[in-house]
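Enquirer: One file is attached below, input.csv, containing CSV, C-alpha atoms and all ligand atoms.
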chain,number,residue,atom,x,y,z
A,1,MET,CA,0.0,0.0,0.0
A,2,ASN,CA,1.4,3.4,-1.0
A,3,ALA,CA,0.4,6.8,0.3
A,4,GLU,CA,-2.0,7.5,-2.6
A,5,ASN,CA,-3.8,4.2,-2.1
A,6,ALA,CA,-4.0,4.7,1.7
A,7,LEU,CA,-5.4,8.2,1.3
A,8,ASP,CA,-8.0,7.0,-1.3
A,9,LYS,CA,-9.1,4.3,1.2
A,10,LEU,CA,-9.5,6.9,3.9
A,11,MET,CA,-11.4,9.3,1.7
A,12,ASP,CA,-13.6,6.6,0.2
A,13,GLY,CA,-14.6,5.7,3.8
A,14,ASN,CA,-15.3,9.3,4.6
A,15,LYS,CA,-17.6,9.6,1.5
A,16,ARG,CA,-19.6,6.6,2.9
A,17,PHE,CA,-19.7,8.4,6.3
A,18,ILE,CA,-20.9,11.6,4.8
A,19,SER,CA,-23.7,9.9,2.9
A,20,GLY,CA,-24.6,7.5,5.7
A,21,ASP,CA,-24.1,4.5,3.4
A,22,LEU,CA,-21.7,2.8,5.8
A,23,LYS,CA,-20.0,-0.6,5.2
A,24,HIS,CA,-18.5,-1.1,8.7
A,25,PRO,CA,-15.6,-3.1,7.4
A,26,ASN,CA,-13.5,-5.3,9.7
A,27,HIS,CA,-15.9,-5.2,12.6
A,28,ASP,CA,-16.5,-9.0,12.8
A,29,PRO,CA,-15.2,-11.9,14.9
A,30,LYS,CA,-13.3,-13.3,11.9
A,31,ARG,CA,-11.3,-10.1,11.5
A,32,ARG,CA,-10.7,-10.0,15.2
A,33,ASN,CA,-9.3,-13.5,15.0
A,34,ASP,CA,-7.3,-12.9,11.7
A,35,ILE,CA,-5.3,-10.1,13.2
A,36,LYS,CA,-4.7,-11.4,16.7
A,37,GLY,CA,-1.1,-12.2,16.0
A,38,GLY,CA,-0.2,-8.8,14.7
A,39,GLN,CA,-1.4,-5.6,13.1
A,40,GLU,CA,-0.8,-4.1,9.7
A,41,PRO,CA,-2.6,-0.7,9.9
A,42,PHE,CA,-2.6,1.1,6.5
A,43,ALA,CA,-2.6,4.6,8.0
A,44,ALA,CA,-1.7,6.5,11.2
A,45,VAL,CA,-4.0,9.3,12.3
A,46,LEU,CA,-3.3,12.0,15.0
A,47,THR,CA,-6.5,13.5,16.0
A,48,CYS,CA,-8.3,15.2,18.9
A,49,SER,CA,-9.6,13.4,22.0
A,50,ASP,CA,-13.0,15.0,21.3
A,51,SER,CA,-15.7,12.3,21.6
A,52,ARG,CA,-17.1,13.5,18.2
A,53,THR,CA,-14.0,12.7,16.2
A,54,PRO,CA,-13.3,8.9,16.3
A,55,PRO,CA,-11.3,8.1,13.1
A,56,GLU,CA,-12.7,4.6,12.7
A,57,ILE,CA,-16.2,6.1,12.4
A,58,ILE,CA,-15.3,9.2,10.3
A,59,PHE,CA,-13.4,7.0,7.8
A,60,ASP,CA,-15.8,3.9,8.1
A,61,ARG,CA,-13.0,1.5,9.0
A,62,GLY,CA,-12.6,-1.3,11.6
A,63,LEU,CA,-10.2,-3.4,13.6
A,64,GLY,CA,-6.5,-3.3,12.6
A,65,ASP,CA,-7.0,-0.6,10.0
A,66,LEU,CA,-5.8,2.6,11.7
A,67,PHE,CA,-3.0,3.4,14.1
A,68,ILE,CA,-4.4,6.2,16.1
A,69,VAL,CA,-3.0,8.8,18.5
A,70,ARG,CA,-5.4,11.1,20.2
A,71,THR,CA,-4.6,14.2,22.2
A,72,ALA,CA,-6.7,17.3,23.1
A,73,GLY,CA,-6.1,19.7,20.1
A,74,ASN,CA,-4.4,16.9,18.1
A,75,ILE,CA,-1.0,18.3,19.4
A,76,ALA,CA,2.2,16.4,19.1
A,77,ASP,CA,4.2,16.2,22.4
A,78,GLU,CA,7.1,13.7,22.9
A,79,VAL,CA,4.8,10.8,23.6
A,80,ALA,CA,2.5,11.4,20.6
A,81,LEU,CA,5.6,11.8,18.4
A,82,GLY,CA,7.1,8.5,19.8
A,83,SER,CA,3.8,6.7,19.2
A,84,LEU,CA,3.7,7.9,15.5
A,85,GLU,CA,7.4,6.9,15.2
A,86,LEU,CA,6.3,3.4,16.2
A,87,ALA,CA,3.6,3.4,13.4
A,88,VAL,CA,6.4,4.3,10.9
A,89,ALA,CA,9.2,2.2,12.2
A,90,GLU,CA,7.3,-0.9,13.3
A,91,PHE,CA,4.3,-1.0,11.0
A,92,SER,CA,5.5,0.9,8.0
A,93,VAL,CA,2.4,3.1,7.6
A,94,PRO,CA,2.6,4.9,4.3
A,95,ILE,CA,0.7,8.0,5.6
A,96,ILE,CA,0.2,9.9,8.8
A,97,MET,CA,-2.8,12.2,8.8
A,98,VAL,CA,-3.0,15.1,11.3
A,99,LEU,CA,-6.7,15.7,11.7
A,100,GLY,CA,-8.1,18.9,13.3
A,101,HIS,CA,-11.8,19.6,13.6
A,102,GLN,CA,-14.5,22.2,13.7
A,103,ASN,CA,-15.6,23.6,17.1
A,104,CYS,CA,-12.6,22.2,18.9
A,105,GLY,CA,-12.7,22.8,22.7
A,106,ALA,CA,-8.9,22.9,23.1
A,107,ILE,CA,-8.6,25.5,20.3
A,108,LYS,CA,-11.4,27.5,22.0
A,109,LEU,CA,-9.6,27.4,25.3
A,110,ALA,CA,-6.4,28.5,23.6
A,111,LEU,CA,-8.2,31.5,22.1
A,112,GLU,CA,-9.4,32.7,25.5
A,113,GLU,CA,-7.3,35.3,27.3
A,114,THR,CA,-7.2,33.4,30.6
A,115,GLU,CA,-3.9,31.6,31.3
A,116,ARG,CA,-4.2,27.9,32.1
A,117,GLU,CA,-1.8,26.3,34.5
A,118,GLY,CA,-0.4,22.7,34.9
A,119,ASN,CA,-0.9,20.1,32.3
A,120,ILE,CA,-3.7,21.9,30.5
A,121,GLY,CA,-1.4,24.9,30.3
A,122,LYS,CA,1.1,22.7,28.5
A,123,ILE,CA,-1.5,21.9,25.8
A,124,MET,CA,-2.3,25.6,25.5
A,125,GLU,CA,1.4,26.4,25.0
A,126,LEU,CA,1.6,24.0,22.1
A,127,ILE,CA,-1.4,25.7,20.4
A,128,LYS,CA,-0.2,29.2,21.0
A,129,PHE,CA,1.8,29.4,17.8
A,130,ALA,CA,-1.4,28.7,15.8
A,131,VAL,CA,-3.3,31.3,17.7
A,132,ASP,CA,-0.6,33.9,16.7
A,133,MET,CA,-0.7,32.8,13.1
A,134,ALA,CA,-4.5,32.9,12.8
A,135,LYS,CA,-4.7,36.4,14.2
A,136,GLU,CA,-3.5,37.7,10.8
A,137,LEU,CA,-6.0,35.8,8.7
A,138,PRO,CA,-9.5,36.8,7.5
A,139,GLY,CA,-12.5,34.6,8.3
A,140,ASN,CA,-13.5,32.4,11.2
A,141,ILE,CA,-10.9,32.7,13.9
A,142,GLN,CA,-11.7,29.3,15.4
A,143,ASP,CA,-11.4,27.4,12.1
A,144,ASN,CA,-8.3,29.4,11.1
A,145,THR,CA,-6.6,28.6,14.4
A,146,ALA,CA,-7.5,24.9,14.3
A,147,LYS,CA,-6.2,24.7,10.7
A,148,GLU,CA,-3.0,26.6,11.5
A,149,ASN,CA,-2.5,24.2,14.4
A,150,VAL,CA,-2.8,21.2,12.0
A,151,LYS,CA,-0.2,22.8,9.7
A,152,ASN,CA,2.1,23.5,12.7
A,153,VAL,CA,1.8,19.9,13.9
A,154,VAL,CA,2.6,18.6,10.4
A,155,ASN,CA,5.8,20.7,10.5
A,156,ILE,CA,6.6,19.4,14.0
A,157,LEU,CA,6.3,15.8,12.7
A,158,LYS,CA,8.6,16.6,9.8
A,159,GLU,CA,11.1,18.5,11.9
A,160,SER,CA,11.2,17.1,15.4
A,161,SER,CA,11.3,13.4,14.6
A,162,GLU,CA,14.4,11.8,13.0
A,163,ILE,CA,12.4,8.6,12.1
A,164,ILE,CA,9.5,10.5,10.5
A,165,SER,CA,11.6,13.1,8.7
A,166,THR,CA,13.8,10.3,7.2
A,167,GLY,CA,10.6,8.5,6.0
A,168,VAL,CA,9.4,11.8,4.4
A,169,LYS,CA,12.7,12.3,2.7
A,170,ASP,CA,12.9,8.8,1.2
A,171,GLU,CA,9.2,9.0,0.4
A,172,SER,CA,8.2,5.9,2.4
A,173,VAL,CA,5.8,8.0,4.5
A,174,LYS,CA,3.7,11.1,3.6
A,175,ILE,CA,2.3,13.5,6.2
A,176,ILE,CA,-1.2,15.0,5.4
A,177,GLY,CA,-2.9,17.8,7.3
A,178,ALA,CA,-6.7,17.6,7.3
A,179,TYR,CA,-9.8,19.2,8.8
A,180,TYR,CA,-13.0,17.6,9.8
A,181,TRP,CA,-16.3,19.5,9.5
A,182,PHE,CA,-19.1,18.6,11.8
A,183,ASP,CA,-21.5,20.4,9.4
A,184,ASP,CA,-21.5,17.7,6.8
A,185,GLY,CA,-19.0,15.1,8.0
A,186,ARG,CA,-16.5,16.0,5.4
A,187,VAL,CA,-12.7,15.6,5.9
A,188,GLU,CA,-11.0,18.4,3.9
A,189,ILE,CA,-7.3,18.0,3.0
A,190,ILE,CA,-5.5,21.3,3.9
A,191,ASP,CA,-1.8,20.5,3.9
A,201,ZN,ZN,-10.8,19.1,19.6
Transcribe the structure of this file into structure tokens.
Ligand SMILES: [Zn+2]

Expert:
Amino acid sequence: MNAENALDKLMDGNKRFISGDLKHPNHDPKRRNDIKGGQEPFAAVLTCSDSRTPPEIIFDRGLGDLFIVRTAGNIADEVALGSLELAVAEFSVPIIMVLGHQNCGAIKLALEETEREGNIGKIMELIKFAVDMAKELPGNIQDNTAKENVKNVVNILKESSEIISTGVKDESVKIIGAYYWFDDGRVEIID
């Protein structure tokens, strides 16, 4: 499976999700049994912890299909980066999708003036760059910030991980930035 096939597979599933014509592939006991010895996910997805954004549902996939990392605001700290490195190094995923979404609570919080402390404050620090970038842009500040955050995380993946950047250079892995719209269920490729 190359990056193009993997992205097609994701987007085909998203089309089914948008229309409601779902296939629910790989949900059955046979699949569960077939993959018990090991996984061969065809894509990695870094998305938000938000209960409304589960990748298996948005892309109409099932067991063993997607290697998923979820953090509030789909940010990449060391542990998220390490997890995605495992997807590349151990499972040779051809793509990593960074998926932001409409009406994200973490983005909303980062746009507020009040400072957050502790671990939530660390999340806000990682989104701050996107907040600054989006200030200059016309249009919806919330969507713009979330999209800038996706682009920033794509750059972090390319620049802060030896394993991922090597994969990008030798074209064994492609990083894709995307945005999920609650309005119609669509996943828009943005980077
Ligand atoms: Zn969110």

Enquirer: Which residues form the shell of 12 Å around ligand ZN 201 (chain A) when you count only C-alpha atoms and all ligand atoms, given as a ChimeraX atom specification?

Expert: /A:46-54,70-75,99-110,123,127,142-143,145-147,149-150,179-182

Enquirer: Using CA of Asp183 in chain A and CA of Ala134 in chain A as the two end points, give the distance in Å to one decimal.

Expert: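 One can read the CA of Asp183 in chain A to CA of Ala134 in chain A distance as 21.4 Å.
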
Enquirer: Separation of CA of Glu90 in chain A and CA of Val173 in chain A, in Å?

Expert: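 We find that CA of Glu90 in chain A and CA of Val173 in chain A lie 12.6 Å from each other.
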
Enquirer: Between CA of Asp184 in chain A and CA of Asn140 in chain A, what distance in Å does the model show, to one decimal?

Expert: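 Value for the CA of Asp184 in chain A-CA of Asn140 in chain A distance: 17.3 Å.
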
Enquirer: List as a list in words the protein and nucleic acid residues near Asp65 in chain A, meaning an atom at most 8 Å away when only C-alpha atoms are counted, but skip any in the same chain fewer than 6 places from it.

Expert: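 Result of the neighbour search: Glu40, Pro41, Phe42 and Ala43 of chain A.
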